[in-house]
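Q: If it helps, the file is called work.pdb and holds PDB, C-alpha atoms and all ligand atoms:
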```pdb
ATOM      1  CA  MET A  23     -19.073  -6.867  -4.590  1.00  0.00           C
ATOM      2  CA  ASP A  24     -16.461  -5.828  -7.105  1.00  0.00           C
ATOM      3  CA  GLU A  25     -14.162  -2.836  -7.407  1.00  0.00           C
ATOM      4  CA  LEU A  26     -16.833  -0.768  -9.176  1.00  0.00           C
ATOM      5  CA  SER A  27     -19.797  -1.631  -6.939  1.00  0.00           C
ATOM      6  CA  HIS A  28     -19.621   1.711  -5.101  1.00  0.00           C
ATOM      7  CA  ILE A  29     -19.790   3.741  -8.337  1.00  0.00           C
ATOM      8  CA  ASN A  30     -23.529   4.426  -8.473  1.00  0.00           C
ATOM      9  CA  TYR A  31     -24.015   8.023  -9.686  1.00  0.00           C
ATOM     10  CA  CYS A  32     -22.699  10.067 -12.588  1.00  0.00           C
ATOM     11  CA  GLN A  33     -20.053  12.542 -11.365  1.00  0.00           C
ATOM     12  CA  THR A  34     -21.165  15.038 -14.034  1.00  0.00           C
ATOM     13  CA  CYS A  35     -24.965  15.007 -13.804  1.00  0.00           C
ATOM     14  CA  GLY A  36     -25.806  12.880 -10.764  1.00  0.00           C
ATOM     15  CA  THR A  37     -27.955  10.386 -12.677  1.00  0.00           C
ATOM     16  CA  GLY A  38     -28.004   6.794 -11.458  1.00  0.00           C
ATOM     17  CA  LEU A  39     -25.561   4.730 -13.496  1.00  0.00           C
ATOM     18  CA  VAL A  40     -26.295   1.490 -15.268  1.00  0.00           C
ATOM     19  CA  ARG A  41     -23.853  -1.258 -16.230  1.00  0.00           C
ATOM     20  CA  LYS A  42     -22.995  -1.468 -19.903  1.00  0.00           C
ATOM     21  CA  PHE A  43     -20.544  -3.630 -21.751  1.00  0.00           C
ATOM     22  CA  ASP A  44     -17.478  -1.663 -22.901  1.00  0.00           C
ATOM     23  CA  ARG A  45     -14.914  -3.577 -24.951  1.00  0.00           C
ATOM     24  CA  ASP A  46     -13.705  -6.162 -22.423  1.00  0.00           C
ATOM     25  CA  LYS A  47     -16.056  -5.785 -19.455  1.00  0.00           C
ATOM     26  CA  GLU A  48     -19.106  -4.125 -17.940  1.00  0.00           C
ATOM     27  CA  ARG A  49     -18.534  -0.619 -16.643  1.00  0.00           C
ATOM     28  CA  PRO A  50     -20.725   2.070 -15.017  1.00  0.00           C
ATOM     29  CA  TYR A  51     -22.495   4.076 -17.748  1.00  0.00           C
ATOM     30  CA  CYS A  52     -24.557   7.305 -17.708  1.00  0.00           C
ATOM     31  CA  LYS A  53     -27.438   7.228 -20.198  1.00  0.00           C
ATOM     32  CA  ILE A  54     -27.843  11.030 -19.997  1.00  0.00           C
ATOM     33  CA  CYS A  55     -24.209  11.964 -20.678  1.00  0.00           C
ATOM     34  CA  GLY A  56     -23.530   8.917 -22.846  1.00  0.00           C
ATOM     35  CA  THR A  57     -20.249   8.251 -21.025  1.00  0.00           C
ATOM     36  CA  PHE A  58     -18.602   5.428 -19.151  1.00  0.00           C
ATOM     37  CA  THR A  59     -16.973   5.984 -15.769  1.00  0.00           C
ATOM     38  CA  TYR A  60     -13.417   4.635 -15.641  1.00  0.00           C
ATOM     39  CA  VAL A  61     -12.030   3.987 -12.196  1.00  0.00           C
ATOM     40  CA  ASP A  62      -8.289   4.366 -11.581  1.00  0.00           C
ATOM     41  CA  PRO A  63      -6.394   2.104  -9.190  1.00  0.00           C
ATOM     42  CA  LYS A  64      -5.183   3.439  -5.868  1.00  0.00           C
ATOM     43  CA  VAL A  65      -1.430   3.788  -5.442  1.00  0.00           C
ATOM     44  CA  ALA A  66       0.176   2.726  -2.183  1.00  0.00           C
ATOM     45  CA  VAL A  67       3.711   2.484  -0.808  1.00  0.00           C
ATOM     46  CA  VAL A  68       5.186  -0.150   1.473  1.00  0.00           C
ATOM     47  CA  ALA A  69       8.429   0.441   3.386  1.00  0.00           C
ATOM     48  CA  LEU A  70      10.861  -2.293   4.326  1.00  0.00           C
ATOM     49  CA  LEU A  71      12.638  -0.293   6.991  1.00  0.00           C
ATOM     50  CA  THR A  72      15.839  -2.086   7.852  1.00  0.00           C
ATOM     51  CA  TYR A  73      18.457  -1.676  10.545  1.00  0.00           C
ATOM     52  CA  GLN A  74      21.296  -4.222  10.741  1.00  0.00           C
ATOM     53  CA  SER A  75      19.556  -7.641  10.461  1.00  0.00           C
ATOM     54  CA  SER A  76      16.088  -6.483  11.420  1.00  0.00           C
ATOM     55  CA  ILE A  77      13.028  -4.923   9.833  1.00  0.00           C
ATOM     56  CA  LEU A  78      10.515  -2.607  11.458  1.00  0.00           C
ATOM     57  CA  LEU A  79       6.949  -3.846  11.929  1.00  0.00           C
ATOM     58  CA  ILE A  80       3.998  -1.824  13.147  1.00  0.00           C
ATOM     59  CA  LYS A  81       0.910  -3.096  14.955  1.00  0.00           C
ATOM     60  CA  ARG A  82      -2.144  -1.614  13.259  1.00  0.00           C
ATOM     61  CA  ASP A  83      -4.478   0.502  15.409  1.00  0.00           C
ATOM     62  CA  ILE A  84      -6.935   0.930  12.537  1.00  0.00           C
ATOM     63  CA  GLU A  85      -9.084  -1.262  10.298  1.00  0.00           C
ATOM     64  CA  PRO A  86      -8.537  -3.232   8.167  1.00  0.00           C
ATOM     65  CA  HIS A  87      -6.467  -5.786  10.059  1.00  0.00           C
ATOM     66  CA  PHE A  88      -6.713  -3.948  13.388  1.00  0.00           C
ATOM     67  CA  GLY A  89      -4.251  -5.407  15.910  1.00  0.00           C
ATOM     68  CA  LYS A  90      -2.147  -7.224  13.281  1.00  0.00           C
ATOM     69  CA  TRP A  91       1.559  -6.723  12.703  1.00  0.00           C
ATOM     70  CA  SER A  92       2.199  -5.139   9.349  1.00  0.00           C
ATOM     71  CA  LEU A  93       4.766  -3.293   7.254  1.00  0.00           C
ATOM     72  CA  PRO A  94       4.690   0.518   7.339  1.00  0.00           C
ATOM     73  CA  SER A  95       2.535   1.579   4.404  1.00  0.00           C
ATOM     74  CA  GLY A  96       0.010   4.053   3.106  1.00  0.00           C
ATOM     75  CA  TYR A  97      -1.556   5.742   0.126  1.00  0.00           C
ATOM     76  CA  VAL A  98       0.106   8.207  -2.203  1.00  0.00           C
ATOM     77  CA  ASP A  99      -1.726  11.516  -2.400  1.00  0.00           C
ATOM     78  CA  ARG A 100      -2.556  12.802  -5.863  1.00  0.00           C
ATOM     79  CA  GLY A 101       0.273  15.136  -6.878  1.00  0.00           C
ATOM     80  CA  GLU A 102       2.692  13.685  -4.314  1.00  0.00           C
ATOM     81  CA  SER A 103       5.775  11.726  -5.385  1.00  0.00           C
ATOM     82  CA  VAL A 104       5.880   8.046  -4.475  1.00  0.00           C
ATOM     83  CA  GLU A 105       9.181   8.559  -2.651  1.00  0.00           C
ATOM     84  CA  ASN A 106       7.751  11.423  -0.621  1.00  0.00           C
ATOM     85  CA  ALA A 107       4.717   9.344   0.336  1.00  0.00           C
ATOM     86  CA  LEU A 108       7.062   6.603   1.494  1.00  0.00           C
ATOM     87  CA  ILE A 109       9.135   8.902   3.711  1.00  0.00           C
ATOM     88  CA  ARG A 110       5.991  10.634   5.022  1.00  0.00           C
ATOM     89  CA  GLU A 111       4.201   7.384   5.891  1.00  0.00           C
ATOM     90  CA  VAL A 112       7.244   5.932   7.646  1.00  0.00           C
ATOM     91  CA  PHE A 113       7.552   9.087   9.744  1.00  0.00           C
ATOM     92  CA  GLU A 114       3.808   9.270  10.510  1.00  0.00           C
ATOM     93  CA  GLU A 115       3.639   5.646  11.612  1.00  0.00           C
ATOM     94  CA  THR A 116       7.018   5.187  13.340  1.00  0.00           C
ATOM     95  CA  THR A 117       8.454   8.736  13.934  1.00  0.00           C
ATOM     96  CA  ILE A 118      11.618   7.618  12.112  1.00  0.00           C
ATOM     97  CA  ARG A 119      13.309   9.692   9.426  1.00  0.00           C
ATOM     98  CA  SER A 120      14.309   7.379   6.604  1.00  0.00           C
ATOM     99  CA  ILE A 121      15.711   7.334   3.101  1.00  0.00           C
ATOM    100  CA  PRO A 122      14.784   4.921   0.294  1.00  0.00           C
ATOM    101  CA  SER A 123      17.803   2.763  -0.516  1.00  0.00           C
ATOM    102  CA  HIS A 124      16.495   0.161  -2.978  1.00  0.00           C
ATOM    103  CA  TYR A 125      13.366  -0.134  -5.123  1.00  0.00           C
ATOM    104  CA  LEU A 126      12.081  -3.667  -4.604  1.00  0.00           C
ATOM    105  CA  GLY A 127       9.332  -3.436  -7.202  1.00  0.00           C
ATOM    106  CA  VAL A 128       5.670  -2.946  -8.014  1.00  0.00           C
ATOM    107  CA  PHE A 129       2.930  -5.386  -7.030  1.00  0.00           C
ATOM    108  CA  SER A 130      -0.453  -5.256  -8.770  1.00  0.00           C
ATOM    109  CA  GLY A 131      -3.357  -7.215 -10.197  1.00  0.00           C
ATOM    110  CA  LYS A 132      -5.092  -8.283  -6.965  1.00  0.00           C
ATOM    111  CA  GLY A 133      -7.826  -5.736  -6.380  1.00  0.00           C
ATOM    112  CA  PRO A 134      -7.843  -1.936  -6.431  1.00  0.00           C
ATOM    113  CA  VAL A 135      -4.390  -1.139  -5.040  1.00  0.00           C
ATOM    114  CA  VAL A 136      -1.059  -0.908  -6.889  1.00  0.00           C
ATOM    115  CA  VAL A 137       1.782  -1.162  -4.384  1.00  0.00           C
ATOM    116  CA  HIS A 138       5.296   0.209  -4.798  1.00  0.00           C
ATOM    117  CA  VAL A 139       7.770  -1.335  -2.368  1.00  0.00           C
ATOM    118  CA  TYR A 140      11.093   0.133  -1.253  1.00  0.00           C
ATOM    119  CA  VAL A 141      13.805  -0.986   1.080  1.00  0.00           C
ATOM    120  CA  VAL A 142      14.310   2.019   3.312  1.00  0.00           C
ATOM    121  CA  THR A 143      17.235   2.835   5.584  1.00  0.00           C
ATOM    122  CA  HIS A 144      16.957   4.355   9.041  1.00  0.00           C
ATOM    123  CA  LYS A 145      18.344   7.886   9.061  1.00  0.00           C
ATOM    124  CA  SER A 146      17.405   9.296  12.469  1.00  0.00           C
ATOM    125  CA  GLY A 147      14.929   8.967  15.310  1.00  0.00           C
ATOM    126  CA  THR A 148      13.822   6.142  17.582  1.00  0.00           C
ATOM    127  CA  ALA A 149      10.972   3.867  16.540  1.00  0.00           C
ATOM    128  CA  SER A 150       7.802   4.641  18.464  1.00  0.00           C
ATOM    129  CA  PRO A 151       4.115   4.271  17.600  1.00  0.00           C
ATOM    130  CA  GLY A 152       2.792   7.121  15.485  1.00  0.00           C
ATOM    131  CA  ASP A 153      -0.555   7.723  13.801  1.00  0.00           C
ATOM    132  CA  GLU A 154      -2.874   4.691  13.663  1.00  0.00           C
ATOM    133  CA  VAL A 155      -0.212   2.430  15.197  1.00  0.00           C
ATOM    134  CA  SER A 156      -0.315   0.866  18.693  1.00  0.00           C
ATOM    135  CA  GLU A 157       3.163  -0.746  18.823  1.00  0.00           C
ATOM    136  CA  VAL A 158       6.354  -0.965  16.821  1.00  0.00           C
ATOM    137  CA  LYS A 159       9.069  -3.604  16.911  1.00  0.00           C
ATOM    138  CA  TRP A 160      12.324  -4.464  15.175  1.00  0.00           C
ATOM    139  CA  CYS A 161      11.942  -8.001  13.886  1.00  0.00           C
ATOM    140  CA  GLU A 162      14.876 -10.201  12.804  1.00  0.00           C
ATOM    141  CA  PHE A 163      14.727 -11.002   9.078  1.00  0.00           C
ATOM    142  CA  ASP A 164      14.275 -14.727   9.764  1.00  0.00           C
ATOM    143  CA  GLU A 165      11.453 -14.162  12.272  1.00  0.00           C
ATOM    144  CA  ILE A 166       9.036 -12.157  10.118  1.00  0.00           C
ATOM    145  CA  PRO A 167       5.500 -13.396  10.892  1.00  0.00           C
ATOM    146  CA  ASP A 168       2.697 -13.941   8.365  1.00  0.00           C
ATOM    147  CA  LEU A 169       1.459 -10.497   7.330  1.00  0.00           C
ATOM    148  CA  PRO A 170      -2.148  -9.671   6.436  1.00  0.00           C
ATOM    149  CA  PHE A 171      -2.238  -7.811   3.103  1.00  0.00           C
ATOM    150  CA  PRO A 172      -2.640  -9.451  -0.340  1.00  0.00           C
ATOM    151  CA  TYR A 173       0.915  -8.829  -1.593  1.00  0.00           C
ATOM    152  CA  ASP A 174       2.747  -9.298   1.715  1.00  0.00           C
ATOM    153  CA  ALA A 175       3.856 -12.880   1.078  1.00  0.00           C
ATOM    154  CA  GLU A 176       5.230 -11.926  -2.373  1.00  0.00           C
ATOM    155  CA  ILE A 177       6.878  -8.820  -0.940  1.00  0.00           C
ATOM    156  CA  ILE A 178       8.644 -10.771   1.812  1.00  0.00           C
ATOM    157  CA  SER A 179       9.691 -13.418  -0.702  1.00  0.00           C
ATOM    158  CA  GLU A 180      11.186 -10.729  -2.972  1.00  0.00           C
ATOM    159  CA  PHE A 181      12.834  -9.136   0.060  1.00  0.00           C
ATOM    160  CA  ARG A 182      14.502 -12.453   0.940  1.00  0.00           C
ATOM    161  CA  ASN A 183      15.752 -12.727  -2.663  1.00  0.00           C
ATOM    162  CA  TYR A 184      17.146  -9.211  -2.393  1.00  0.00           C
ATOM    163  CA  LEU A 185      18.871 -10.003   0.929  1.00  0.00           C
ATOM    164  CA  SER A 186      20.587 -12.986  -0.684  1.00  0.00           C
ATOM    165  CA  THR A 187      22.154 -10.667  -3.284  1.00  0.00           C
ATOM    166  CA  ILE A 188      23.693  -8.114  -0.893  1.00  0.00           C
TER     167      ILE A 188
HETATM  168 ZN    ZN A 201     -24.265  11.908 -16.474  1.00  0.00          ZN
END
```
Before anything else, please render the file you have as C-alpha cells.
Ligand SMILES: [Zn+2]
A:
Amino acid sequence: MDELSHINYCQTCGTGLVRKFDRDKERPYCKICGTFTYVDPKVAVVALLTYQSSILLIKRDIEPHFGKWSLPSGYVDRGESVENALIREVFEETTIRSIPSHYLGVFSGKGPVVVHVYVVTHKSGTASPGDEVSEVKWCEFDEIPDLPFPYDAEIISEFRNYLSTI
C-alpha cells in the first residue's frame, strides 16, 4: 500500500492503469493515452490555539484516531487560502473565532499530507465541541499529551522552541 495504490483508472479514458518507470520512480500510466498520472499532495492546516499559558485540544469524534486528543486541523479546499482554512477549521471544530498570530512552519515528507502550522490567538467565543469533535479542553503548555498524527511530535517541539523565544 503506497500513496498511489488507489489510482487504478485513467481519468481521461477510464482504461486500467499500469505501473511504468518515470525518471525516479514507478507511476500510474495509461497505455491508451500515453500519459502518466501525477498525484499532488494534500494540504492541511494545524492550529495551535493559545490562551494565556494553555493550548486548545479537541477529542476526535471521527476516524482516524477516533477518541484521541488532537490539535484542531483540517484540509484546505482547492481555491481556498491556507489562512482561511485555518480560521474555518478552528471555528468548525471549537466554535471559537480566531486569528493567526505566528506561522510556525511547514511539515512534509511523511506520506501524502503537507501540513502548514500556525499559532492562532483566541478572538471571541467559548470553546465547545463542534463538527466531528466530542470534547474540547484547554491544556497547559507543559501538560500536552502525546498526539497521534505523524508530525505532531515535531510540531510540539517547534512550538516549545517558539515559546522560549517570546
Ligand atoms: Zn487514458
Q: What's around Asp168 of chain A at 9 Å? Count only C-alpha atoms, leave out sequence neighbours fewer than 3 positions away in its own chain, and write the answer as a PyMOL selection string.
A: chain A and resi 91-92+174-175
Q: Since we have the selection now, will you write its residues out, keeping C-alpha atoms, as a compact mmCIF listing (two decimals), in the coordinates of the input?
A:
```
# COMPACT_ATOMS: atom_id res chain seq x y z
CA TRP A 91 1.56 -6.72 12.70
CA SER A 92 2.20 -5.14 9.35
CA ASP A 174 2.75 -9.30 1.72
CA ALA A 175 3.86 -12.88 1.08
```
Q: Any chance you could work out the residue set of the PyMOL selection byres (((chain A and resi 27-29) around 10) and not hetatm) here, as a CSV table (one decimal) with C-alpha atoms, in the frame of the given file?
A:
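To be explicit, this is the file written out as result27.csv:
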```
chain,number,residue,atom,x,y,z
A,23,MET,CA,-19.1,-6.9,-4.6
A,24,ASP,CA,-16.5,-5.8,-7.1
A,25,GLU,CA,-14.2,-2.8,-7.4
A,26,LEU,CA,-16.8,-0.8,-9.2
A,30,ASN,CA,-23.5,4.4,-8.5
A,31,TYR,CA,-24.0,8.0,-9.7
A,32,CYS,CA,-22.7,10.1,-12.6
A,33,GLN,CA,-20.1,12.5,-11.4
A,38,GLY,CA,-28.0,6.8,-11.5
A,39,LEU,CA,-25.6,4.7,-13.5
A,40,VAL,CA,-26.3,1.5,-15.3
A,49,ARG,CA,-18.5,-0.6,-16.6
A,50,PRO,CA,-20.7,2.1,-15.0
A,51,TYR,CA,-22.5,4.1,-17.7
A,59,THR,CA,-17.0,6.0,-15.8
A,60,TYR,CA,-13.4,4.6,-15.6
A,61,VAL,CA,-12.0,4.0,-12.2
```
Q: Mind telling me what the PyMOL selection byres (((not hetatm)) within 7 of (chain A and resi 201)) catches here, as a ChimeraX atom specification?
A: /A:32-37,52-55
Q: Here is a test: counting only C-alpha atoms, which residue of A:Phe58, A:Phe43, A:Phe129, A:Tyr140 is nearest to Pro94 of chain A?
A: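 The closest residue to Pro94 of chain A is A:Tyr140.
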Q: Find the residues of segment 109-148 of chain A that sit at most 7 Å from segment 72-77 of chain A; for each, write down the nearest two atoms and how far apart they are in Å, to one decimal. Count all atoms listed in the file. Sort by chain, then by number going up, and give it as JSON lines.
A:
```
{"residue": "A:Val142", "atom": "CA", "partner": "A:Thr72", "partner_atom": "CA", "distance": 6.3}
{"residue": "A:Thr143", "atom": "CA", "partner": "A:Thr72", "partner_atom": "CA", "distance": 5.6}
{"residue": "A:His144", "atom": "CA", "partner": "A:Tyr73", "partner_atom": "CA", "distance": 6.4}
```
Q: Go ahead and compute the interatomic distance for atom CA of Phe113 of chain A and atom CA of Phe163 of chain A, in Å to one decimal.
A: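 So the two atoms, atom CA of Phe113 of chain A and atom CA of Phe163 of chain A, lie 21.3 Å apart.
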Q: Tell me which of A:Ala107, A:Val98, A:Val112, A:Ile166 sits closest to Ala69 of chain A, counting all atoms listed in the file.
A: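 Of the candidates, the smallest distance to Ala69 of chain A is held by A:Val112.
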Q: Convert the output of the PyMOL selection byres (((chain A and resi 159) around 7) and not hetatm) on the shown file into explicit residues, formatted as a ChimeraX atom specification.
A: /A:78-80,157-158,160-161
Q: Grab the atom CA of His138 of chain A to atom CA of Tyr97 of chain A distance for me, in Å with one decimal place.
A: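 Atom CA of His138 of chain A sits 10.1 Å away from atom CA of Tyr97 of chain A.
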Q: From the set A:Ser179, A:Thr148, A:Ser95, A:Ser123, which residue has the shortest atom-to-atom contact distance to Lys81 of chain A, counting only C-alpha atoms?
A: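 Using only C-alpha atoms, Lys81 of chain A sits closest to A:Ser95.
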Q: Within 12 Å of (14.5, -9.9, -1.1) (coordinates as in the file), grab all the protein and nucleic acid residues, counting all atoms listed in the file, and write them out as a PDB file with C-alpha atoms, keeping the file's coordinate frame.
A:
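Result file is part_2.pdb:
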```pdb
ATOM      1  CA  LEU A  70      10.861  -2.293   4.326  1.00  0.00           C
ATOM      2  CA  THR A  72      15.839  -2.086   7.852  1.00  0.00           C
ATOM      3  CA  HIS A 124      16.495   0.161  -2.978  1.00  0.00           C
ATOM      4  CA  TYR A 125      13.366  -0.134  -5.123  1.00  0.00           C
ATOM      5  CA  LEU A 126      12.081  -3.667  -4.604  1.00  0.00           C
ATOM      6  CA  GLY A 127       9.332  -3.436  -7.202  1.00  0.00           C
ATOM      7  CA  VAL A 139       7.770  -1.335  -2.368  1.00  0.00           C
ATOM      8  CA  TYR A 140      11.093   0.133  -1.253  1.00  0.00           C
ATOM      9  CA  VAL A 141      13.805  -0.986   1.080  1.00  0.00           C
ATOM     10  CA  PHE A 163      14.727 -11.002   9.078  1.00  0.00           C
ATOM     11  CA  ASP A 164      14.275 -14.727   9.764  1.00  0.00           C
ATOM     12  CA  ALA A 175       3.856 -12.880   1.078  1.00  0.00           C
ATOM     13  CA  GLU A 176       5.230 -11.926  -2.373  1.00  0.00           C
ATOM     14  CA  ILE A 177       6.878  -8.820  -0.940  1.00  0.00           C
ATOM     15  CA  ILE A 178       8.644 -10.771   1.812  1.00  0.00           C
ATOM     16  CA  SER A 179       9.691 -13.418  -0.702  1.00  0.00           C
ATOM     17  CA  GLU A 180      11.186 -10.729  -2.972  1.00  0.00           C
ATOM     18  CA  PHE A 181      12.834  -9.136   0.060  1.00  0.00           C
ATOM     19  CA  ARG A 182      14.502 -12.453   0.940  1.00  0.00           C
ATOM     20  CA  ASN A 183      15.752 -12.727  -2.663  1.00  0.00           C
ATOM     21  CA  TYR A 184      17.146  -9.211  -2.393  1.00  0.00           C
ATOM     22  CA  LEU A 185      18.871 -10.003   0.929  1.00  0.00           C
ATOM     23  CA  SER A 186      20.587 -12.986  -0.684  1.00  0.00           C
ATOM     24  CA  THR A 187      22.154 -10.667  -3.284  1.00  0.00           C
ATOM     25  CA  ILE A 188      23.693  -8.114  -0.893  1.00  0.00           C
TER      26      ILE A 188
END
```
Q: Taking only C-alpha atoms into account, name the residue in A:Gly56, A:Glu48, A:Ala149, A:Pro63 that is nearest to Gly133 of chain A.
A: A:Pro63
Q: May I ask for the distance between atom CA of Asp83 of chain A and atom CA of Asn106 of chain A, given in Å to one decimal place?
A: 22.9 Å
Q: Return the single residue from A:Lys132, A:Lys90, A:Arg82, A:Arg119 that is closest to Asp153 of chain A, with distances computed using all atoms listed in the file.
A: A:Arg82
Q: Given all atoms listed in the file as the basis, pick out the residue of A:Val65, A:Ser146, A:Pro151, A:Pro167 nearest to Glu102 of chain A.
A: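 Closest to Glu102 of chain A, using all atoms listed in the file: A:Val65.
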